[in-house]
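*Asks:* My structure file entry07.txt, compact mmCIF, N, CA and C atoms, is below:
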```
# COMPACT_ATOMS: atom_id res chain seq x y z
N MET X 21 38.45 30.41 11.91
CA MET X 21 37.69 30.37 10.68
C MET X 21 37.50 28.93 10.19
N LYS X 22 38.55 28.14 10.24
CA LYS X 22 38.45 26.76 9.79
C LYS X 22 37.43 25.98 10.60
N GLN X 23 37.36 26.26 11.87
CA GLN X 23 36.46 25.55 12.74
C GLN X 23 35.01 25.70 12.27
N HIS X 24 34.63 26.87 11.83
CA HIS X 24 33.27 27.11 11.37
C HIS X 24 32.95 26.31 10.13
N SER X 25 33.88 26.21 9.21
CA SER X 25 33.61 25.45 7.99
C SER X 25 33.50 23.96 8.28
N VAL X 26 34.26 23.47 9.25
CA VAL X 26 34.16 22.07 9.63
C VAL X 26 32.80 21.79 10.25
N VAL X 27 32.35 22.68 11.12
CA VAL X 27 31.04 22.52 11.76
C VAL X 27 29.94 22.55 10.72
N ARG X 28 30.04 23.47 9.77
CA ARG X 28 29.03 23.54 8.70
C ARG X 28 29.00 22.26 7.88
N SER X 29 30.17 21.72 7.54
CA SER X 29 30.19 20.51 6.73
C SER X 29 29.64 19.32 7.52
N LEU X 30 29.90 19.29 8.83
CA LEU X 30 29.34 18.21 9.65
C LEU X 30 27.82 18.33 9.72
N ARG X 31 27.32 19.54 9.85
CA ARG X 31 25.87 19.73 9.88
C ARG X 31 25.26 19.28 8.56
N ALA X 32 25.87 19.62 7.46
CA ALA X 32 25.36 19.22 6.15
C ALA X 32 25.36 17.70 6.02
N THR X 33 26.42 17.07 6.50
CA THR X 33 26.50 15.62 6.43
C THR X 33 25.40 15.00 7.28
N ASN X 34 25.20 15.50 8.48
CA ASN X 34 24.16 14.96 9.35
C ASN X 34 22.78 15.11 8.74
N LYS X 35 22.51 16.25 8.11
CA LYS X 35 21.22 16.46 7.47
C LYS X 35 21.02 15.47 6.33
N SER X 36 22.03 15.26 5.51
CA SER X 36 21.88 14.33 4.39
C SER X 36 21.73 12.91 4.88
N GLN X 37 22.44 12.55 5.96
CA GLN X 37 22.29 11.22 6.52
C GLN X 37 20.90 11.04 7.10
N SER X 38 20.38 12.05 7.79
CA SER X 38 19.04 11.98 8.35
C SER X 38 18.01 11.83 7.24
N PHE X 39 18.17 12.57 6.17
CA PHE X 39 17.25 12.48 5.04
C PHE X 39 17.31 11.11 4.41
N ALA X 40 18.51 10.54 4.29
CA ALA X 40 18.66 9.21 3.71
C ALA X 40 17.96 8.18 4.57
N LEU X 41 18.06 8.30 5.88
CA LEU X 41 17.37 7.37 6.76
C LEU X 41 15.86 7.53 6.67
N PHE X 42 15.42 8.77 6.55
CA PHE X 42 13.99 9.06 6.49
C PHE X 42 13.37 8.49 5.23
N THR X 43 14.07 8.53 4.12
CA THR X 43 13.51 8.11 2.84
C THR X 43 13.83 6.66 2.51
N ARG X 44 14.48 5.96 3.42
CA ARG X 44 14.89 4.58 3.17
C ARG X 44 13.68 3.69 2.89
N ARG X 45 13.76 2.90 1.86
CA ARG X 45 12.71 1.95 1.53
C ARG X 45 12.93 0.66 2.30
N LEU X 46 11.85 0.11 2.78
CA LEU X 46 11.93 -1.15 3.48
C LEU X 46 11.95 -2.30 2.48
N THR X 47 12.49 -3.43 2.90
CA THR X 47 12.47 -4.62 2.05
C THR X 47 11.05 -5.18 2.01
N GLY X 48 10.80 -6.09 1.10
CA GLY X 48 9.48 -6.71 1.01
C GLY X 48 9.09 -7.43 2.29
N GLU X 49 10.04 -8.12 2.90
CA GLU X 49 9.76 -8.82 4.16
C GLU X 49 9.42 -7.85 5.28
N GLN X 50 10.14 -6.72 5.32
CA GLN X 50 9.89 -5.72 6.35
C GLN X 50 8.51 -5.08 6.17
N VAL X 51 8.15 -4.79 4.93
CA VAL X 51 6.84 -4.19 4.67
C VAL X 51 5.73 -5.18 5.03
N ALA X 52 5.92 -6.44 4.68
CA ALA X 52 4.92 -7.46 5.02
C ALA X 52 4.74 -7.56 6.53
N ALA X 53 5.85 -7.54 7.27
CA ALA X 53 5.78 -7.60 8.73
C ALA X 53 5.09 -6.36 9.28
N LEU X 54 5.41 -5.20 8.73
CA LEU X 54 4.80 -3.95 9.18
C LEU X 54 3.29 -3.97 8.92
N ARG X 55 2.88 -4.48 7.76
CA ARG X 55 1.45 -4.58 7.45
C ARG X 55 0.73 -5.51 8.42
N ARG X 56 1.35 -6.65 8.71
CA ARG X 56 0.74 -7.59 9.67
C ARG X 56 0.62 -6.94 11.04
N CYS X 57 1.65 -6.23 11.42
CA CYS X 57 1.66 -5.55 12.73
C CYS X 57 0.56 -4.49 12.77
N ALA X 58 0.36 -3.78 11.68
CA ALA X 58 -0.67 -2.74 11.62
C ALA X 58 -2.06 -3.34 11.74
N LYS X 59 -2.21 -4.61 11.35
CA LYS X 59 -3.50 -5.30 11.47
C LYS X 59 -3.67 -5.93 12.85
N GLY X 60 -2.67 -5.77 13.71
CA GLY X 60 -2.75 -6.32 15.06
C GLY X 60 -2.21 -7.72 15.19
N ILE X 61 -1.55 -8.22 14.15
CA ILE X 61 -0.97 -9.56 14.19
C ILE X 61 0.40 -9.49 14.85
N SER X 62 0.67 -10.36 15.77
CA SER X 62 1.93 -10.37 16.52
C SER X 62 3.11 -10.67 15.61
N LEU X 63 4.22 -10.01 15.87
CA LEU X 63 5.46 -10.28 15.13
C LEU X 63 6.40 -11.17 15.94
N ARG X 64 5.84 -11.86 16.92
CA ARG X 64 6.64 -12.68 17.83
C ARG X 64 7.48 -13.72 17.10
N PHE X 65 6.96 -14.29 16.01
CA PHE X 65 7.68 -15.35 15.32
C PHE X 65 8.45 -14.86 14.10
N ASP X 66 8.44 -13.56 13.85
CA ASP X 66 9.22 -13.01 12.74
C ASP X 66 10.69 -12.96 13.12
N ALA X 67 11.55 -12.93 12.11
CA ALA X 67 12.99 -12.84 12.36
C ALA X 67 13.30 -11.58 13.15
N ALA X 68 14.14 -11.72 14.14
CA ALA X 68 14.51 -10.59 15.00
C ALA X 68 15.10 -9.44 14.19
N GLU X 69 15.83 -9.75 13.12
CA GLU X 69 16.45 -8.71 12.29
C GLU X 69 15.39 -7.82 11.65
N ILE X 70 14.28 -8.42 11.24
CA ILE X 70 13.20 -7.65 10.61
C ILE X 70 12.58 -6.71 11.62
N VAL X 71 12.26 -7.24 12.78
CA VAL X 71 11.64 -6.42 13.83
C VAL X 71 12.61 -5.33 14.28
N ASP X 72 13.88 -5.69 14.47
CA ASP X 72 14.88 -4.71 14.89
C ASP X 72 15.00 -3.58 13.87
N ALA X 73 14.96 -3.90 12.58
CA ALA X 73 15.06 -2.88 11.54
C ALA X 73 13.86 -1.95 11.56
N LEU X 74 12.66 -2.51 11.79
CA LEU X 74 11.46 -1.68 11.85
C LEU X 74 11.51 -0.74 13.05
N VAL X 75 11.98 -1.25 14.18
CA VAL X 75 12.10 -0.42 15.38
C VAL X 75 13.18 0.64 15.19
N ALA X 76 14.34 0.24 14.66
CA ALA X 76 15.44 1.19 14.45
C ALA X 76 15.06 2.28 13.45
N GLY X 77 14.24 1.95 12.47
CA GLY X 77 13.82 2.93 11.48
C GLY X 77 12.69 3.82 11.96
N GLY X 78 12.15 3.52 13.13
CA GLY X 78 11.07 4.34 13.67
C GLY X 78 9.70 3.95 13.15
N TYR X 79 9.61 2.83 12.43
CA TYR X 79 8.34 2.39 11.86
C TYR X 79 7.51 1.58 12.86
N ALA X 80 8.15 1.05 13.88
CA ALA X 80 7.47 0.27 14.91
C ALA X 80 8.15 0.55 16.25
N SER X 81 7.46 0.18 17.32
CA SER X 81 8.05 0.35 18.65
C SER X 81 7.76 -0.89 19.47
N ARG X 82 8.69 -1.17 20.39
CA ARG X 82 8.50 -2.30 21.31
C ARG X 82 7.87 -1.75 22.58
N ASN X 83 6.83 -2.40 23.02
CA ASN X 83 6.12 -1.98 24.22
C ASN X 83 6.31 -3.02 25.32
N VAL X 84 5.47 -2.96 26.32
CA VAL X 84 5.53 -3.88 27.45
C VAL X 84 5.49 -5.33 26.96
N ALA X 85 6.30 -6.15 27.56
CA ALA X 85 6.36 -7.60 27.27
C ALA X 85 6.76 -7.88 25.82
N GLY X 86 7.47 -6.95 25.18
CA GLY X 86 7.96 -7.19 23.83
C GLY X 86 6.93 -7.05 22.72
N VAL X 87 5.74 -6.55 23.05
CA VAL X 87 4.71 -6.35 22.04
C VAL X 87 5.17 -5.25 21.09
N VAL X 88 5.06 -5.50 19.80
CA VAL X 88 5.49 -4.53 18.78
C VAL X 88 4.25 -3.86 18.21
N SER X 89 4.29 -2.54 18.13
CA SER X 89 3.18 -1.80 17.53
C SER X 89 3.71 -0.83 16.48
N VAL X 90 2.85 -0.50 15.54
CA VAL X 90 3.22 0.40 14.46
C VAL X 90 3.17 1.83 14.97
N THR X 91 4.16 2.62 14.62
CA THR X 91 4.21 4.03 14.99
C THR X 91 3.47 4.85 13.93
N PRO X 92 3.18 6.11 14.22
CA PRO X 92 2.59 6.97 13.19
C PRO X 92 3.45 7.02 11.92
N GLU X 93 4.77 7.01 12.08
CA GLU X 93 5.67 7.01 10.92
C GLU X 93 5.47 5.73 10.10
N GLY X 94 5.29 4.61 10.78
CA GLY X 94 5.05 3.34 10.09
C GLY X 94 3.74 3.36 9.32
N ARG X 95 2.72 3.96 9.91
CA ARG X 95 1.42 4.07 9.22
C ARG X 95 1.54 4.97 7.99
N ARG X 96 2.28 6.06 8.12
CA ARG X 96 2.50 6.94 6.95
C ARG X 96 3.23 6.18 5.85
N TYR X 97 4.24 5.40 6.23
CA TYR X 97 4.99 4.63 5.24
C TYR X 97 4.07 3.67 4.50
N LEU X 98 3.23 2.97 5.24
CA LEU X 98 2.30 2.03 4.60
C LEU X 98 1.31 2.74 3.68
N GLN X 99 0.84 3.91 4.08
CA GLN X 99 -0.10 4.66 3.25
C GLN X 99 0.55 5.14 1.95
N THR X 100 1.81 5.55 2.02
CA THR X 100 2.47 6.09 0.83
C THR X 100 3.08 5.00 -0.05
N HIS X 101 3.18 3.78 0.48
CA HIS X 101 3.76 2.67 -0.29
C HIS X 101 2.78 1.52 -0.45
N GLU X 102 1.51 1.85 -0.64
CA GLU X 102 0.50 0.80 -0.84
C GLU X 102 0.76 0.11 -2.17
N GLY X 103 0.41 -1.16 -2.18
CA GLY X 103 0.57 -1.83 -3.46
C GLY X 103 0.77 -3.28 -3.37
```
Write the structure described by the file as structure tokens, please.

*Replies:*
Amino acid sequence: MKQHSVVRSLRATNKSQSFALFTRRLTGEQVAALRRCAKGISLRFDAAEIVDALVAGGYASRNVAGVVSVTPEGRRYLQTHEG
């Protein structure tokens, strides 16, 4: 019986963590980089931490030769956070 309650609490924790990651707001620098990337501007000279955060968050992806492109999730983020 205890095992089931532990599994349920872990599932609840994972769901809340997933939701927190999904709703996470990007910093101003990250949004600016994402906007430039969406316009086709290379992020080659941006700080690696910014690009890594965008990729880790699912807002951008690294392609062949390190080219970074905006994902559909990144485009949705930009549309809902215009300003």

*Asks:* For Asp66 of chain X, which residue out of X:Tyr79, X:Ala85, X:Gly48, X:Ala53 is the nearest one, using all atoms listed in the file?

*Replies:* X:Ala53

*Asks:* To one decimal in Å, tell me the separation between atom CA of Gly60 of chain X and atom CA of Asp72 of chain X.

*Replies:*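 These two atoms are separated by 17.7 Å.
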
*Asks:* Between atom CA of Ile61 of chain X and atom CA of Thr100 of chain X, what is the distance in Å, rounded to a tenth?

*Replies:*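 For atom CA of Ile61 of chain X relative to atom CA of Thr100 of chain X, the distance reads 20.9 Å.
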
*Asks:* For atom N of His101 of chain X and atom C of Asn83 of chain X, quote the distance in Å rounded to one decimal.

*Replies:*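 That distance, rounded to one decimal, is 25.9 Å.
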